[in-house]
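> File work.txt follows (compact mmCIF, C-alpha atoms and all ligand atoms):
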# COMPACT_ATOMS: atom_id res chain seq x y z
CA MET F 1 -36.49 -0.88 -89.62
CA CYS F 2 -35.21 -2.29 -92.87
CA SER F 3 -31.46 -1.72 -93.33
CA ARG F 4 -31.83 -1.32 -97.05
CA CYS F 5 -34.95 0.65 -97.87
CA GLY F 6 -35.77 2.00 -94.42
CA ALA F 7 -39.23 0.48 -94.32
CA VAL F 8 -40.70 0.17 -90.85
CA ALA F 9 -42.01 -3.21 -89.78
CA GLU F 10 -45.69 -3.49 -89.05
CA GLY F 11 -45.99 -5.80 -86.07
CA PRO F 12 -43.50 -8.57 -85.33
CA GLN F 13 -40.76 -8.94 -87.91
CA LEU F 14 -41.47 -12.62 -88.31
CA THR F 15 -41.02 -12.60 -92.04
CA TRP F 16 -38.01 -10.34 -92.02
CA THR F 17 -34.53 -11.59 -92.65
CA CYS F 18 -31.83 -11.02 -90.07
CA SER F 19 -28.23 -10.90 -91.20
CA VAL F 20 -25.32 -10.39 -88.83
CA GLU F 21 -22.36 -8.63 -90.33
CA ASN F 22 -19.31 -7.62 -88.35
CA GLY F 23 -21.32 -8.05 -85.19
CA ILE F 24 -24.02 -5.69 -86.40
CA ARG F 25 -27.49 -7.09 -86.78
CA ARG F 26 -29.27 -6.01 -89.94
CA TYR F 27 -32.89 -6.57 -90.79
CA PHE F 28 -34.38 -6.67 -94.24
CA CYS F 29 -38.02 -6.53 -95.20
CA ASP F 30 -39.59 -9.10 -97.48
CA ASP F 31 -38.87 -7.23 -100.68
CA CYS F 32 -35.27 -6.45 -99.84
CA ALA F 33 -34.62 -9.91 -98.46
CA ARG F 34 -35.86 -11.36 -101.70
CA ALA F 35 -33.73 -8.98 -103.71
CA ASN F 36 -30.67 -9.83 -101.66
CA LEU F 37 -31.45 -13.48 -101.09
CA ARG F 38 -28.46 -14.76 -102.96
CA ALA F 39 -26.06 -12.38 -101.25
CA ILE F 40 -27.46 -13.21 -97.84
CA GLU F 41 -27.37 -16.93 -98.40
CA GLY F 42 -23.85 -16.63 -99.75
CA ARG F 43 -22.89 -14.78 -96.57
CA LEU F 44 -21.18 -12.14 -98.61
CA ASP F 45 -20.08 -8.91 -97.10
CA SER F 46 -22.29 -6.13 -98.28
CA PRO F 47 -20.38 -2.87 -98.55
CA TRP F 48 -22.51 -2.15 -101.60
CA TRP F 49 -25.71 -2.19 -99.65
ZN ZN N 101 -36.55 -3.09 -97.34
Can you turn what I pasted into structure tokens?

Amino acid sequence: MCSRCGAVAEGPQLTWTCSVENGIRRYFCDDCARANLRAIEGRLDSPWW
């Protein structure tokens, strides 16, 4: 399930983005990963998510 919009993955989450924050694994669907690409790549904490 997407950590941002709550979308449920259809099949394997091969295209989803996995981000580990504080030991918690978060998954983001394509749309959300794209929207948060800069934040994810910058490895920023995301209290605002
Ligand atoms: Zn999403």
> Select the residues contacting ligand ZN 101 (chain N) at a distance of at most 8 Å, based on all atoms listed in the file, then format the selection as number ranges by chain.
F: 2-7, 28-33
> Quick one: distance from atom CA of F:Thr17 to atom CA of F:Ala35 in Å, one decimal?
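Atom CA of F:Thr17 sits 11.4 Å away from atom CA of F:Ala35.
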> Can you find the residues with an atom no farther than 12 Å from (-27.7, -1.9, -89.3), counting only C-alpha atoms, and report them as a ChimeraX atom specification?
/F:1-6,18-28,46-47,49
> Show me, as lines of an AutoDock Vina configuration file, the centre and edge lengths in Å to one decimal of the axis-aligned box that covers every listed atom of stretch 12-27 of chain F with 4 Å on each side.

center_x = -31.4
center_y = -9.2
center_z = -88.9
size_x = 32.2
size_y = 14.9
size_z = 15.5
